[in-house]
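The file structure_34.pdb contains PDB, C-alpha atoms:
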MODEL        1
ATOM      1  CA  MET A   1       0.000   0.000   0.000
ATOM      2  CA  ASP A   2       1.339   3.413  -0.944
ATOM      3  CA  LEU A   3       1.529   6.464   1.283
ATOM      4  CA  LEU A   4      -1.697   8.051  -0.001
ATOM      5  CA  GLY A   5      -3.640   4.844   0.522
ATOM      6  CA  SER A   6      -2.360   4.495   4.060
ATOM      7  CA  ILE A   7      -3.371   8.100   4.858
ATOM      8  CA  LEU A   8      -6.871   7.627   3.458
ATOM      9  CA  GLY A   9      -7.235   4.320   5.291
ATOM     10  CA  SER A  10      -6.314   5.928   8.606
ATOM     11  CA  MET A  11      -8.926   8.725   8.191
ATOM     12  CA  GLU A  12     -12.369   8.340   9.688
ATOM     13  CA  LYS A  13     -15.258   7.916   7.318
ATOM     14  CA  PRO A  14     -17.860  10.732   7.186
ATOM     15  CA  PRO A  15     -21.034  10.009   9.066
ATOM     16  CA  SER A  16     -23.717   8.562   6.832
ATOM     17  CA  ALA A  17     -27.118  10.229   6.681
ATOM     18  CA  SER A  18     -30.031   8.411   8.066
ATOM     19  CA  ASP A  19     -32.971   7.363   5.961
ATOM     20  CA  ALA A  20     -35.101  10.213   7.345
ATOM     21  CA  GLU A  21     -32.523  12.811   6.396
ATOM     22  CA  LYS A  22     -32.186  11.341   2.902
ATOM     23  CA  LYS A  23     -35.933  11.553   2.390
ATOM     24  CA  LYS A  24     -35.926  15.145   3.591
ATOM     25  CA  ILE A  25     -33.144  16.160   1.179
ATOM     26  CA  LYS A  26     -34.893  14.426  -1.686
ATOM     27  CA  ALA A  27     -38.155  16.213  -0.894
ATOM     28  CA  GLN A  28     -36.418  19.613  -0.819
ATOM     29  CA  LYS A  29     -34.761  18.925  -4.157
ATOM     30  CA  GLU A  30     -38.054  17.917  -5.755
ATOM     31  CA  MET A  31     -39.748  21.028  -4.369
ATOM     32  CA  ILE A  32     -37.025  23.294  -5.833
ATOM     33  CA  GLU A  33     -37.315  21.624  -9.216
ATOM     34  CA  LYS A  34     -41.097  22.080  -9.149
ATOM     35  CA  GLN A  35     -40.712  25.773  -8.321
ATOM     36  CA  GLN A  36     -38.218  26.244 -11.133
ATOM     37  CA  GLU A  37     -40.491  24.486 -13.577
ATOM     38  CA  LYS A  38     -43.416  26.602 -12.401
ATOM     39  CA  GLU A  39     -41.360  29.785 -12.884
ATOM     40  CA  ARG A  40     -40.289  28.730 -16.379
ATOM     41  CA  LYS A  41     -43.909  28.003 -17.321
ATOM     42  CA  LYS A  42     -44.970  31.366 -15.914
ATOM     43  CA  LEU A  43     -42.348  33.238 -17.960
ATOM     44  CA  GLN A  44     -43.282  31.242 -21.055
ATOM     45  CA  ASP A  45     -46.955  32.160 -20.607
ATOM     46  CA  PHE A  46     -45.934  35.807 -20.100
ATOM     47  CA  ARG A  47     -43.874  35.730 -23.300
ATOM     48  CA  GLU A  48     -46.817  34.334 -25.289
ATOM     49  CA  GLN A  49     -49.115  36.955 -23.793
ATOM     50  CA  ILE A  50     -46.691  39.773 -24.742
ATOM     51  CA  GLN A  51     -46.295  38.391 -28.248
ATOM     52  CA  LYS A  52     -50.082  38.440 -28.760
ATOM     53  CA  LYS A  53     -50.314  41.978 -27.409
ATOM     54  CA  ILE A  54     -47.488  43.217 -29.648
ATOM     55  CA  ASN A  55     -48.956  41.512 -32.727
ATOM     56  CA  SER A  56     -52.287  43.206 -32.049
ATOM     57  CA  PHE A  57     -50.487  46.549 -31.620
ATOM     58  CA  ILE A  58     -48.648  46.157 -34.936
ATOM     59  CA  LYS A  59     -51.832  45.270 -36.824
ATOM     60  CA  ASN A  60     -53.652  48.321 -35.447
ATOM     61  CA  GLY A  61     -52.782  51.153 -37.846
ATOM     62  CA  SER A  62     -54.230  53.909 -35.646
ATOM     63  CA  GLU A  63     -51.892  53.318 -32.684
ATOM     64  CA  GLU A  64     -48.414  54.831 -32.653
ATOM     65  CA  LYS A  65     -47.229  53.732 -29.208
ATOM     66  CA  LEU A  66     -48.185  51.202 -26.539
ATOM     67  CA  LYS A  67     -47.719  51.621 -22.796
ATOM     68  CA  LEU A  68     -47.518  48.391 -20.787
ATOM     69  CA  GLU A  69     -48.274  47.837 -17.105
ATOM     70  CA  PRO A  70     -45.464  47.996 -14.500
ATOM     71  CA  MET A  71     -43.454  44.758 -14.235
ATOM     72  CA  ASP A  72     -40.255  43.366 -12.778
ATOM     73  CA  LYS A  73     -36.822  43.307 -14.402
ATOM     74  CA  THR A  74     -37.125  39.768 -15.823
ATOM     75  CA  GLN A  75     -40.437  40.513 -17.496
ATOM     76  CA  ARG A  76     -39.142  43.811 -18.912
ATOM     77  CA  ALA A  77     -36.187  41.935 -20.424
ATOM     78  CA  ILE A  78     -38.646  39.584 -22.174
ATOM     79  CA  VAL A  79     -40.642  42.573 -23.483
ATOM     80  CA  HIS A  80     -37.492  44.253 -24.897
ATOM     81  CA  GLU A  81     -36.459  40.994 -26.560
ATOM     82  CA  VAL A  82     -39.861  40.426 -28.209
ATOM     83  CA  ALA A  83     -40.035  44.115 -29.272
ATOM     84  CA  ASP A  84     -36.586  43.917 -30.875
ATOM     85  CA  ILE A  85     -37.648  40.846 -32.857
ATOM     86  CA  ALA A  86     -40.783  42.711 -33.991
ATOM     87  CA  SER A  87     -38.683  45.800 -35.055
ATOM     88  CA  LEU A  88     -40.229  48.078 -32.441
ATOM     89  CA  ALA A  89     -38.568  50.769 -30.335
ATOM     90  CA  SER A  90     -38.824  50.042 -26.607
ATOM     91  CA  PHE A  91     -37.859  52.161 -23.577
ATOM     92  CA  SER A  92     -38.327  51.709 -19.835
ATOM     93  CA  PHE A  93     -39.525  54.512 -17.561
ATOM     94  CA  GLY A  94     -40.337  54.857 -13.881
ATOM     95  CA  ILE A  95     -38.668  53.864 -10.620
ATOM     96  CA  GLU A  96     -37.178  50.405 -10.222
ATOM     97  CA  GLU A  97     -39.257  47.946  -8.110
ATOM     98  CA  GLN A  98     -42.068  50.512  -7.826
ATOM     99  CA  ASP A  99     -43.733  51.549 -11.062
ATOM    100  CA  ARG A 100     -41.157  50.932 -13.808
ATOM    101  CA  TYR A 101     -42.858  50.051 -17.095
ATOM    102  CA  VAL A 102     -42.063  49.604 -20.786
ATOM    103  CA  MET A 103     -43.403  51.738 -23.644
ATOM    104  CA  LEU A 104     -43.283  50.621 -27.269
ATOM    105  CA  TRP A 105     -43.211  52.694 -30.471
ATOM    106  CA  LYS A 106     -43.502  51.733 -34.087
ATOM    107  CA  LYS A 107     -40.379  52.487 -36.108
ATOM    108  CA  GLU A 108     -42.076  55.137 -38.233
ATOM    109  CA  PHE A 109     -43.192  56.952 -35.058
ATOM    110  CA  ALA A 110     -39.925  56.693 -33.116
ATOM    111  CA  PRO A 111     -39.810  59.130 -30.162
ATOM    112  CA  SER A 112     -37.655  62.248 -30.135
ATOM    113  CA  ASP A 113     -35.158  63.087 -27.423
ATOM    114  CA  GLU A 114     -37.548  65.672 -25.968
ATOM    115  CA  GLU A 115     -40.346  63.098 -25.740
ATOM    116  CA  LEU A 116     -38.112  60.576 -23.977
ATOM    117  CA  LEU A 117     -36.932  63.274 -21.591
ATOM    118  CA  ALA A 118     -40.544  64.148 -20.738
ATOM    119  CA  TYR A 119     -41.379  60.522 -19.893
ATOM    120  CA  ARG A 120     -38.245  60.211 -17.790
ATOM    121  CA  ARG A 121     -39.459  63.241 -15.848
ATOM    122  CA  GLU A 122     -42.802  61.479 -15.446
ATOM    123  CA  GLU A 123     -44.542  64.141 -17.522
ATOM    124  CA  GLU A 124     -47.187  63.754 -20.189
ATOM    125  CA  TRP A 125     -45.980  64.360 -23.728
ATOM    126  CA  ASP A 126     -47.916  67.006 -25.710
ATOM    127  CA  PRO A 127     -46.646  67.466 -29.298
ATOM    128  CA  GLU A 128     -48.302  70.868 -29.771
ATOM    129  CA  LYS A 129     -46.927  72.169 -26.506
ATOM    130  CA  ALA A 130     -43.503  70.833 -27.428
ATOM    131  CA  LYS A 131     -43.602  72.731 -30.747
ATOM    132  CA  GLN A 132     -44.458  75.968 -28.954
ATOM    133  CA  ILE A 133     -41.644  75.447 -26.473
ATOM    134  CA  ALA A 134     -39.204  74.724 -29.313
ATOM    135  CA  GLN A 135     -40.273  77.899 -31.145
ATOM    136  CA  LEU A 136     -39.862  80.012 -28.017
ATOM    137  CA  LYS A 137     -36.464  78.486 -27.361
ATOM    138  CA  ALA A 138     -35.309  79.183 -30.922
ATOM    139  CA  GLN A 139     -36.563  82.774 -30.662
ATOM    140  CA  GLU A 140     -34.703  83.293 -27.383
ATOM    141  CA  GLU A 141     -31.498  81.894 -28.870
ATOM    142  CA  GLN A 142     -31.838  84.200 -31.882
ATOM    143  CA  GLU A 143     -32.378  87.241 -29.652
ATOM    144  CA  SER A 144     -29.452  86.336 -27.417
ATOM    145  CA  SER A 145     -27.158  85.862 -30.419
ATOM    146  CA  TYR A 146     -28.252  89.251 -31.805
ATOM    147  CA  ILE A 147     -27.544  90.912 -28.462
ATOM    148  CA  ASN A 148     -24.146  89.249 -28.266
ATOM    149  CA  LYS A 149     -23.268  90.512 -31.740
ATOM    150  CA  ARG A 150     -24.152  94.098 -30.813
ATOM    151  CA  LYS A 151     -22.340  93.914 -27.522
ATOM    152  CA  VAL A 152     -18.980  95.698 -27.635
ATOM    153  CA  ILE A 153     -16.232  93.599 -26.123
ATOM    154  CA  GLN A 154     -13.799  95.555 -24.024
ATOM    155  CA  PRO A 155     -10.405  93.859 -23.737
ATOM    156  CA  ASN A 156      -8.814  93.584 -20.330
ATOM    157  CA  THR A 157      -5.510  94.975 -21.584
ATOM    158  CA  ASN A 158      -4.479  97.410 -24.286
ATOM    159  CA  TYR A 159      -2.016  96.026 -26.814
ATOM    160  CA  LYS A 160      -0.622  99.535 -27.367
ATOM    161  CA  ASP A 161       0.815  99.472 -23.868
ATOM    162  CA  LYS A 162       2.642  96.233 -24.664
ATOM    163  CA  TYR A 163       4.143  97.561 -27.916
ATOM    164  CA  LYS A 164       4.600 101.130 -26.774
ATOM    165  CA  HIS A 165       8.364 100.933 -27.239
ATOM    166  CA  LEU A 166       7.779 100.087 -30.927
ATOM    167  CA  ILE A 167       4.808 102.167 -32.084
ATOM    168  CA  GLY A 168       4.967 104.991 -29.565
ATOM    169  CA  ASP A 169       2.021 106.913 -28.125
ATOM    170  CA  THR A 170       0.848 108.700 -31.284
ATOM    171  CA  ALA A 171      -1.501 107.369 -33.900
ATOM    172  CA  ALA A 172      -0.251 105.464 -36.917
ATOM    173  CA  LYS A 173      -0.729 108.311 -39.402
ATOM    174  CA  ASP A 174       0.991 110.839 -37.167
ATOM    175  CA  ALA A 175       3.842 108.445 -36.504
ATOM    176  CA  ALA A 176       4.292 107.811 -40.235
ATOM    177  CA  GLN A 177       4.873 111.513 -40.961
ATOM    178  CA  SER A 178       8.199 111.610 -39.177
ATOM    179  CA  THR A 179      10.366 108.529 -38.806
ATOM    180  CA  PHE A 180      13.483 108.189 -36.750
ATOM    181  CA  THR A 181      16.351 105.776 -36.793
ATOM    182  CA  ASN A 182      15.856 102.763 -34.568
ATOM    183  CA  ARG A 183      19.241 101.080 -34.397
ATOM    184  CA  SER A 184      18.070  98.213 -32.204
ATOM    185  CA  TYR A 185      15.746  96.966 -34.998
ATOM    186  CA  GLY A 186      17.872  97.973 -38.041
ATOM    187  CA  PHE A 187      15.470 100.607 -39.364
ATOM    188  CA  VAL A 188      16.946 103.520 -41.363
ATOM    189  CA  SER A 189      14.867 106.596 -42.115
ATOM    190  CA  SER A 190      14.598 107.878 -45.690
ATOM    191  CA  GLU A 191      16.390 111.093 -44.715
ATOM    192  CA  ASN A 192      19.540 109.144 -43.784
ATOM    193  CA  LYS A 193      19.665 106.984 -46.934
ATOM    194  CA  ARG A 194      22.390 107.614 -49.530
ATOM    195  CA  ASP A 195      20.096 107.048 -52.472
ATOM    196  CA  GLN A 196      17.333 109.648 -52.317
ATOM    197  CA  ARG A 197      15.655 108.591 -55.580
ATOM    198  CA  THR A 198      12.094 107.339 -55.603
ATOM    199  CA  ILE A 199      11.055 103.992 -57.013
ATOM    200  CA  GLU A 200       9.622 105.688 -60.131
ATOM    201  CA  GLN A 201      12.899 107.442 -60.808
ATOM    202  CA  VAL A 202      14.900 104.232 -60.447
ATOM    203  CA  LEU A 203      12.578 102.406 -62.838
ATOM    204  CA  ALA A 204      12.772 105.248 -65.407
ATOM    205  CA  GLU A 205      16.570 105.297 -65.330
ATOM    206  CA  THR A 206      16.690 101.496 -65.693
ATOM    207  CA  ARG A 207      14.439 101.650 -68.778
ATOM    208  CA  ALA A 208      16.582 104.430 -70.286
ATOM    209  CA  LYS A 209      19.768 102.387 -69.816
ATOM    210  CA  LYS A 210      18.176  99.345 -71.457
ATOM    211  CA  LYS A 211      17.015 101.474 -74.412
ATOM    212  CA  LEU A 212      20.451 103.063 -74.826
ATOM    213  CA  LYS A 213      22.110  99.648 -74.814
ATOM    214  CA  THR A 214      19.675  98.381 -77.468
ATOM    215  CA  ASP A 215      20.274 101.407 -79.744
ATOM    216  CA  HIS A 216      24.043 100.982 -79.427
ATOM    217  CA  SER A 217      23.813  97.342 -80.486
ATOM    218  CA  VAL A 218      21.740  98.266 -83.549
ATOM    219  CA  THR A 219      24.259 100.949 -84.554
ATOM    220  CA  GLN A 220      27.188  98.556 -84.322
ATOM    221  CA  SER A 221      25.402  95.993 -86.452
ATOM    222  CA  GLY A 222      24.696  98.702 -89.065
ATOM    223  CA  LEU A 223      28.360  99.697 -89.212
ATOM    224  CA  THR A 224      29.364  96.101 -89.704
ATOM    225  CA  ASP A 225      26.964  95.747 -92.631
ATOM    226  CA  GLY A 226      28.380  98.951 -94.276
ATOM    227  CA  SER A 227      31.984  97.759 -94.082
ATOM    228  CA  ASP A 228      31.007  94.461 -95.681
ATOM    229  CA  ASN A 229      29.306  96.330 -98.563
ATOM    230  CA  GLN A 230      32.419  98.502 -99.119
ATOM    231  CA  SER A 231      34.617  95.407 -99.348
ATOM    232  CA  VAL A 232      32.347  93.882-101.977
ATOM    233  CA  THR A 233      32.444  97.128-104.000
ATOM    234  CA  ASN A 234      36.247  97.254-103.897
ATOM    235  CA  SER A 235      36.455  93.664-105.098
ATOM    236  CA  GLU A 236      34.152  94.364-108.012
ATOM    237  CA  THR A 237      36.265  97.420-108.987
ATOM    238  CA  GLN A 238      39.443  95.363-108.988
ATOM    239  CA  VAL A 239      37.836  92.709-111.221
ATOM    240  CA  ASN A 240      36.660  95.340-113.708
ATOM    241  CA  GLN A 241      40.133  96.920-113.798
ATOM    242  CA  SER A 242      41.725  93.554-114.544
ATOM    243  CA  ALA A 243      39.288  92.948-117.390
ATOM    244  CA  GLU A 244      40.117  96.331-118.909
ATOM    245  CA  ASP A 245      43.852  95.596-118.738
ATOM    246  CA  VAL A 246      43.372  92.295-120.566
ATOM    247  CA  THR A 247      41.332  93.987-123.297
ATOM    248  CA  ASN A 248      43.949  96.714-123.847
ATOM    249  CA  ASP A 249      46.687  94.089-124.120
ATOM    250  CA  LYS A 250      44.728  92.219-126.805
ATOM    251  CA  ILE A 251      44.234  95.448-128.866
ATOM    252  CA  ARG A 252      47.892  96.345-128.584
ATOM    253  CA  TYR A 253      48.988  92.884-129.737
ATOM    254  CA  SER A 254      46.669  92.935-132.778
ATOM    255  CA  THR A 255      47.980  96.373-133.877
ATOM    256  CA  GLN A 256      51.577  95.289-133.805
ATOM    257  CA  SER A 257      50.823  92.245-135.884
TER     258      SER A 257
ENDMDL
END
What's the structure tokens form of this structure?
Amino acid sequence: MDLLGSILGSMEKPPSASDAEKKKIKAQKEMIEKQQEKERKKLQDFREQIQKKINSFIKNGSEEKLKLEPMDKTQRAIVHEVADIASLASFSFGIEEQDRYVMLWKKEFAPSDEELLAYRREEEWDPEKAKQIAQLKAQEEQESSYINKRKVIQPNTNYKDKYKHLIGDTAAKDAAQSTFTNRSYGFVSSENKRDQRTIEQVLAETRAKKKLKTDHSVTQSGLTDGSDNQSVTNSETQVNQSAEDVTNDKIRYSTQS
């Protein structure tokens, strides 16, 4: 015998239950099973009842929503499940374990956020009253936005105080009339500049220089063409002179013969 077997053999056996206790345990188990079966049958009957009620609600074209009686959490879960299968919108309202109930809506008449908020406040929903409240709210928002636009905002600080060392105390136009050298920021006034010409004058002088350079180029090209013509003329003159000399030599030779 191994060590584990010896240890188990040395231990005392648990006391066995008597026949009366066994019967009592069996009776309790059977009673629990009966209660569970009864609860399952009750929930199944409730589900069938809700399904019939929802089918009747869907077939009725005049009803937009359906308010059910208060029920516990398990029953509400069954209602939400059946409503989801039937493509209905379902919401729970009320206080838990007191008067909490489920309300159903058809998809084409789904509730708005304002309607849900009214039911959560335990208030009755009035569409006409809700429209009036929405119109008043929109009017108030429009008036408040108009007032805010007309309201002049006064800044807490003046930016001129922050940049006083740059722009000075005078207005911009007055400050622009007389400028002074600010060495710390590299600004040089027009009075201290070497070149006193305006932009228009600089542009005019640049155009004049370009025009003068163009005219000079044209003149040089003309002179080059004239010299070429003179060379051609001199060549032609030399050819003619040579022809005359040949002719005179022929005449002289024929006379002597």
Have a look at CA of Arg120 (chain A) and CA of Glu81 (chain A) and let me know their distance in Å, one decimal.
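These atoms are spaced 21.2 Å apart.
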d(CA of Lys42 (chain A), CA of Asn60 (chain A)) in Å
27.3 Å
CA of Ser112 (chain A) to CA of Pro127 (chain A), distance in Å rounded to a single decimal
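For CA of Ser112 (chain A) relative to CA of Pro127 (chain A), the distance reads 10.4 Å.
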Name the residues captured by the PyMOL selection byres ((chain A and resi 99) around 12) when it is applied to the shown file; answer as a CSV table (one decimal) with C-alpha atoms, in the coordinates of the input.
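Dumped everything to part.csv:
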chain,number,residue,atom,x,y,z
A,68,LEU,CA,-47.5,48.4,-20.8
A,69,GLU,CA,-48.3,47.8,-17.1
A,70,PRO,CA,-45.5,48.0,-14.5
A,71,MET,CA,-43.5,44.8,-14.2
A,72,ASP,CA,-40.3,43.4,-12.8
A,73,LYS,CA,-36.8,43.3,-14.4
A,76,ARG,CA,-39.1,43.8,-18.9
A,92,SER,CA,-38.3,51.7,-19.8
A,93,PHE,CA,-39.5,54.5,-17.6
A,94,GLY,CA,-40.3,54.9,-13.9
A,95,ILE,CA,-38.7,53.9,-10.6
A,96,GLU,CA,-37.2,50.4,-10.2
A,97,GLU,CA,-39.3,47.9,-8.1
A,98,GLN,CA,-42.1,50.5,-7.8
A,100,ARG,CA,-41.2,50.9,-13.8
A,101,TYR,CA,-42.9,50.1,-17.1
A,102,VAL,CA,-42.1,49.6,-20.8
A,122,GLU,CA,-42.8,61.5,-15.4
Using all atoms listed in the file, find the one residue out of A:Ile78, A:Leu88, A:Met103, A:Ala27 that sits nearest to Gln44 (chain A).
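Answer, going by the shortest atom-to-atom distance: A:Ile78.
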Report, as JSON, the axis-aligned box around all atoms of region 73-76 of chain A present in the file, extended by 3 Å on each side; give centre and edge lengths in Å to one decimal place.
{"center_x": -38.6, "center_y": 41.8, "center_z": -16.7, "size_x": 9.6, "size_y": 10.0, "size_z": 10.5}
